[in-house]
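Step one of this worksheet: look at the structure below.
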2 protein chains.
Amino acid sequence: MLDPVSRVRRFNRAVTSAVGALDTSFLGRGRPLGAARVLNAIGHGRSDVAEIRDYLGLDSGLMSRLLRSLEEEGLVETTAHQDDARRRVAKLTRTGRREFAAYEALSNAQAEGLLAQHTQAEALLAAMDLIASALTRDRVALDETDPQCDEARYCLGEYYAELGRRFKQGFDVSLSRDPDAKDMRRPRGTFIVAMSDTLPLGCVGLKGTDHGYAEIKRLWVAPSARGLRLGRRLMDAAEDAARGLGITLLRLDTNSALPEAGQLYRSTGWTEIPRFNDDPYPDLFYEKRL
Amino acid sequence: MLDPVSRVRRFNRAVTSAVGALDTSFLGRGRPLGAARVLNAIGHGRSDVAEIRDYLGLDSGLMSRLLRSLEEEGLVETTAHQDDARRRVAKLTRTGRREFAAYEALSNAQAEGLLAQHTQAEALLAAMDLIASALTRDRVALDETDPQCDEARYCLGEYYAELGRRFKQGFDVSLSRDPDAKDMRRPRGTFIVAMSDTLPLGCVGLKGTDHGYAEIKRLWVAPSARGLRLGRRLMDAAEDAARGLGITLLRLDTNSALPEAGQLYRSTGWTEIPRFNDDPYPDLFYEKRL
DNA sequence: CATAATGTCTGACTTTAGTCAGATATATCC
DNA sequence: GGATATATCTGACTAAAGTCAGACATTATG
């Protein structure tokens with residue numbers, strides 16, 4: 001009934017009025033939105049005044065006045081920065097924390113209200129994740145991390161769960177040649193996580209070996225982030241890291257039940273090669289010379 | 001990694017900044033947002049001043065001034081309402097239509113840009129539809145319409161397509177006992193469409209017969225509107241209409257490939273009965289006494 | 001037909017947001 | 001140690017949004 005652009009615009013209208021309603025409920029706490037935003041930024045852990053200013057896109061004069069008004073209300077205290085007395089650091093007072101909690105309660109209530117109305121909340125949440133990822137795609141950062149940090153383990157857990165769903169015979173990590181974490185740390189290899197703010201959206205491992213090549217392992221992109229070309233960005237980052245480590249040959253194994261992965265490899269210079277290991281799960285093997 | 005409320009709030013943040021970006025691009029046309037909103041409301045067919053004021057939530061004084069500024073720019077003309085000279089009616093001038101088209105182009109470009117970045121645009125659109133429906137659920141109106149109007153035909157087309165996907169043997173309307181449109185018009189029956197603004201989200205038909213009962217036919221809810229209890233609202237409306245027509249017994253047929261429908265019927269006072277027609281598709285039959 | 005209600009407009013006002021040019025204190029660099 | 005850069009603050013300003021009381025013309029009501 002509607003063309004794609006109209007559908008996006010219907011979404012925009014719906015969302016604009018929902019956002020407006022939340023703003024209105026914030027105004028109910030008797031403080032202009034500008035001041036409320038600063039208070040909430042501090043409450044969410046942003047303490048450096050310049051950082052808050054940057055995050056909210058405020059002029060330094062305006063920021064200063066908003067901070068002052070929060071101080072006069074007794075919600076915020078500012079002190080000089082430890083290492084640099086020009087910079088100021090803002091902190092919530094006890095009253096400020098209470099007021100921040102009240103704003104949090106409003107936001108949470110709005111979210112809960114929306115979810116409670118819906119009998120298929122998980123579908124609604126999945127749609128929200130997808131859109132949030134699409135709208136913030138430019139802010140997805142690729143971070144090198146330890147393969148055993150929380151974010152990496154979360155990604156791997158999701159990855160294994162997805163293999164379990166997609167392989168006819170399921171997936172059991174212990175039967176697979178699970179790479180040793182130490183092979184995915186510099187200087188032998190590395191592990192890269194795609195982060196959208198604090199949420200991991202994908203990962204890839206570069207595993208060093210003693211056989212004259214390194215392997216790409218554990219390439220995964222969250223369902224909500226598919227379509228953003230994050231897989232390619234992760235692969236590019238892994239290849240760059242490999243080049244930086246002086247690696248000239250990469251290999252990987254994959255499974256034909258993951259056609260989108262094979263598609264990505266073939267379109268980025270990988271060539272199929274014969275089986276080079278005895279892992280029971282993969283049935284496709286690729287190689288790329290850097 | 002995130003709890004449901006955090007996921008909604010991540011969505012809110014993403015969407016707030018996207019909405020802000022569109023507002024900023026609107027400001028690029030050298031007009032305050034208030035005036036731009038009024039201009040766009042008129043462009044989208046809202047002509048009655050009171051209606052615009054209500055839609056945008058503006059004070060009458062502010063509204064009057066915004067209209068005046070648009071008139072001074074030569075974008076809008078106001079005249080007295082035909083039937084009531086107290087009311088004013090706003091219309092775009094030729095220049096106004098051009099300016100409105102420029103705003104439309106900005107909105108469309110934003111929408112197209114978002115879609116173009118995404119390799120799985122249909123999934124993104126489906127997610128947007130779902131969220132738009134969830135956020136506007138309170139504004140879904142149930143309208144009695146002719147079973148052959150555009151909205152009704154759209155719903156029926158989607159309904160047939162879905163049966164085709166869900167029945168193992170497919171679905172061919174011509175093999176089914178397709179109800180005659182005249183049986184779904186008052187006073188024999190009726191047809192109800194759930195409308196979200198101009199978009200149909202669901203339908204149900206009440207088909208009069210000469211056998212001492214009426215039938216519920218063509219209950220359908222758009223995939224993007226599932227979880228909003230729209231099916232139940234439609235059924236309630238159809239039952240109310242039946243009572244209004246003096247009907248005391250309702251029957252319907254359905255298929256076990258549509259378990260959510262059976263679930264709805266059983267939870268709202270319908271009882272299973274033996275087959276009462278020779279339609280090849282249904283395998284479950286229900287009855288409800290009003 | 002007088003009175004009340006309605007829709008819009010005007011004037012006078014406040015609040016919020018935002019801008020910009022210095023002032024001030026501190027840090028960095030040669 | 002002096003010049004320069006940086007972070008914040010202050011004062012003076014503008015624009016936009018919003019509020020409120022009353023004016024005015026028109027329509028509805030008893």
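By convention in this document, the chains of the structure tokens carry letters A, B, ... by their order, each chain's residues are numbered from 1, and ligands are numbered from 1 in the order they are shown.
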Problem set entry | DSSP helix (DSSP H, G or I) residues within segment 67-237 of chain A, listed as JSON, numbers by chain | {"A": [67, 68, 69, 70, 71, 72, 94, 95, 96, 97, 98, 99, 100, 101, 102, 103, 104, 105, 106, 107, 108, 109, 110, 111, 112, 113, 114, 115, 116, 121, 122, 123, 124, 125, 126, 127, 128, 129, 130, 131, 132, 133, 134, 135, 137, 138, 139, 150, 151, 152, 153, 154, 155, 156, 157, 158, 159, 160, 161, 162, 163, 164, 165, 166, 173, 174, 175, 181, 182, 183, 184, 223, 224, 225, 230, 231, 232, 233, 234, 235, 236, 237]}
Exercise. Residues of chain D within 10 Å of chain A, using only C-alpha atoms (C1' of nucleotides), as a PyMOL selection string?
Worked result: chain D and resi 6-10
Just N, CA and C atoms (P, O5', C5', C4', C3', O3' and C1' of nucleotides) for this one: save the residues we selected as a PDB file, in the first residue's frame.
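Once everything was written out, this is out29.pdb:
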ATOM      1  P    DT D   6      44.989  24.979  21.197  1.00  0.00           P
ATOM      2  O5'  DT D   6      44.380  24.905  22.663  1.00  0.00           O
ATOM      3  C5'  DT D   6      45.042  24.126  23.638  1.00  0.00           C
ATOM      4  C4'  DT D   6      44.245  24.174  24.923  1.00  0.00           C
ATOM      5  C3'  DT D   6      42.743  23.968  24.731  1.00  0.00           C
ATOM      6  O3'  DT D   6      42.354  22.948  25.622  1.00  0.00           O
ATOM      7  C1'  DT D   6      43.168  25.869  26.069  1.00  0.00           C
ATOM      8  P    DA D   7      40.901  22.333  25.607  1.00  0.00           P
ATOM      9  O5'  DA D   7      40.291  23.018  26.899  1.00  0.00           O
ATOM     10  C5'  DA D   7      40.693  22.581  28.194  1.00  0.00           C
ATOM     11  C4'  DA D   7      39.811  23.283  29.203  1.00  0.00           C
ATOM     12  C3'  DA D   7      38.320  23.203  28.893  1.00  0.00           C
ATOM     13  O3'  DA D   7      37.654  22.719  30.061  1.00  0.00           O
ATOM     14  C1'  DA D   7      38.985  25.460  29.185  1.00  0.00           C
ATOM     15  P    DT D   8      36.062  22.621  30.083  1.00  0.00           P
ATOM     16  O5'  DT D   8      35.667  24.022  30.734  1.00  0.00           O
ATOM     17  C5'  DT D   8      36.199  24.356  32.002  1.00  0.00           C
ATOM     18  C4'  DT D   8      35.886  25.795  32.316  1.00  0.00           C
ATOM     19  C3'  DT D   8      34.399  26.136  32.378  1.00  0.00           C
ATOM     20  O3'  DT D   8      34.078  26.379  33.737  1.00  0.00           O
ATOM     21  C1'  DT D   8      35.689  27.839  31.338  1.00  0.00           C
ATOM     22  P    DC D   9      32.583  26.735  34.166  1.00  0.00           P
ATOM     23  O5'  DC D   9      32.607  28.327  34.076  1.00  0.00           O
ATOM     24  C5'  DC D   9      33.549  29.048  34.855  1.00  0.00           C
ATOM     25  C4'  DC D   9      33.434  30.524  34.528  1.00  0.00           C
ATOM     26  C3'  DC D   9      32.010  31.078  34.633  1.00  0.00           C
ATOM     27  O3'  DC D   9      32.003  32.093  35.611  1.00  0.00           O
ATOM     28  C1'  DC D   9      33.079  31.777  32.624  1.00  0.00           C
ATOM     29  P    DT D  10      30.630  32.715  36.124  1.00  0.00           P
ATOM     30  O5'  DT D  10      30.525  34.076  35.295  1.00  0.00           O
ATOM     31  C5'  DT D  10      31.576  35.024  35.372  1.00  0.00           C
ATOM     32  C4'  DT D  10      31.262  36.161  34.436  1.00  0.00           C
ATOM     33  C3'  DT D  10      29.805  36.640  34.476  1.00  0.00           C
ATOM     34  O3'  DT D  10      29.812  38.006  34.881  1.00  0.00           O
ATOM     35  C1'  DT D  10      30.546  36.328  32.236  1.00  0.00           C
TER      36       DT D  10
END
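Contact shell of Val5 of chain A at 10 Å (only C-alpha atoms (C1' of nucleotides); same-chain neighbours under 6 positions omitted): Phe11 of chain A; Ser107, Asn108, Ala109, Gln110, Ala111, Glu112, Gly113, Leu114, Leu115 and Leu125 of chain B.
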For this session: With a cut-off of 8 Å and counting only C-alpha atoms (C1' of nucleotides), select all residues of chain C in contact with chain A and give the selection as an MDAnalysis selection string.
Result: chainID C and resid 16 18 25:27
Exercise. Given a cut-off of 8 Å, which residues of chain A touch chain B, counting only C-alpha atoms, written out as a PyMOL selection string?
Worked result: chain A and resi 1-2+4-5+7-12+14-16+18-19+107-108+111-112+114+117-121+124-125+127-132+134-136+154+199+226-229
For this session: Excluding Thr190 of chain B and any residue of its chain fewer than 3 positions from it, enumerate the residues within 7 Å of it, using only C-alpha atoms (C1' of nucleotides), and give them as a PyMOL selection string.
Result: chain B and resi 144+184-186+205-207
Problem set entry | All strand (DSSP E) residues (DSSP, backbone) inside segment 73-283 of chain B, as a PyMOL selection string | chain B and resi 76-80+88-92+140-144+190-196+199-208+214-221+249-254+271-273
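Using only C-alpha atoms (C1' of nucleotides), the smallest distance between any of D:DT14, D:DT4, D:DT26, D:DT19 and DG7 of chain C comes from D:DT26.
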For this session: Find the residues near Asp48 of chain A: any atom within 9 Å, counting only C-alpha atoms (C1' of nucleotides), skip ones fewer than 5 places away on the same chain, and give them as a ChimeraX atom specification.
Result: /A:42,53,81,87-90
Keeping only C-alpha atoms, write the selected residues to a file as a CSV table (one decimal), in the first residue's frame.
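Done, and the output landed in again-v8.csv:
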chain,number,residue,atom,x,y,z
A,42,ILE,CA,26.3,13.5,34.2
A,53,ARG,CA,29.3,19.9,26.0
A,81,HIS,CA,40.2,18.3,37.1
A,87,ARG,CA,39.1,21.6,33.0
A,88,ARG,CA,36.1,21.1,35.3
A,89,VAL,CA,34.6,17.9,36.5
A,90,ALA,CA,30.9,17.7,37.3
Exercise. Can you tell me, as a PyMOL selection string, what residues are no more than 9 Å from segment 2-5 of chain C when counting only C-alpha atoms (C1' of nucleotides), ignoring any on the same chain fewer than 3 positions away?
Worked result: chain D and resi 27-30
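The gap separating atom CA of Arg94 of chain A from atom CA of Leu75 of chain A is 7.4 Å, in Å to one decimal.
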For this session: With a distance cut-off of 8 Å and only C-alpha atoms (C1' of nucleotides), select the neighbouring residues of Ser176 of chain B, excluding the residue or stretch itself and same-chain residues fewer than 6 positions from it, and output the selection as a VMD selection string.
Result: chain B and resid 279 to 281
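Atom CA of Ala141 of chain B sits 26.9 Å away from atom CA of Tyr286 of chain B.
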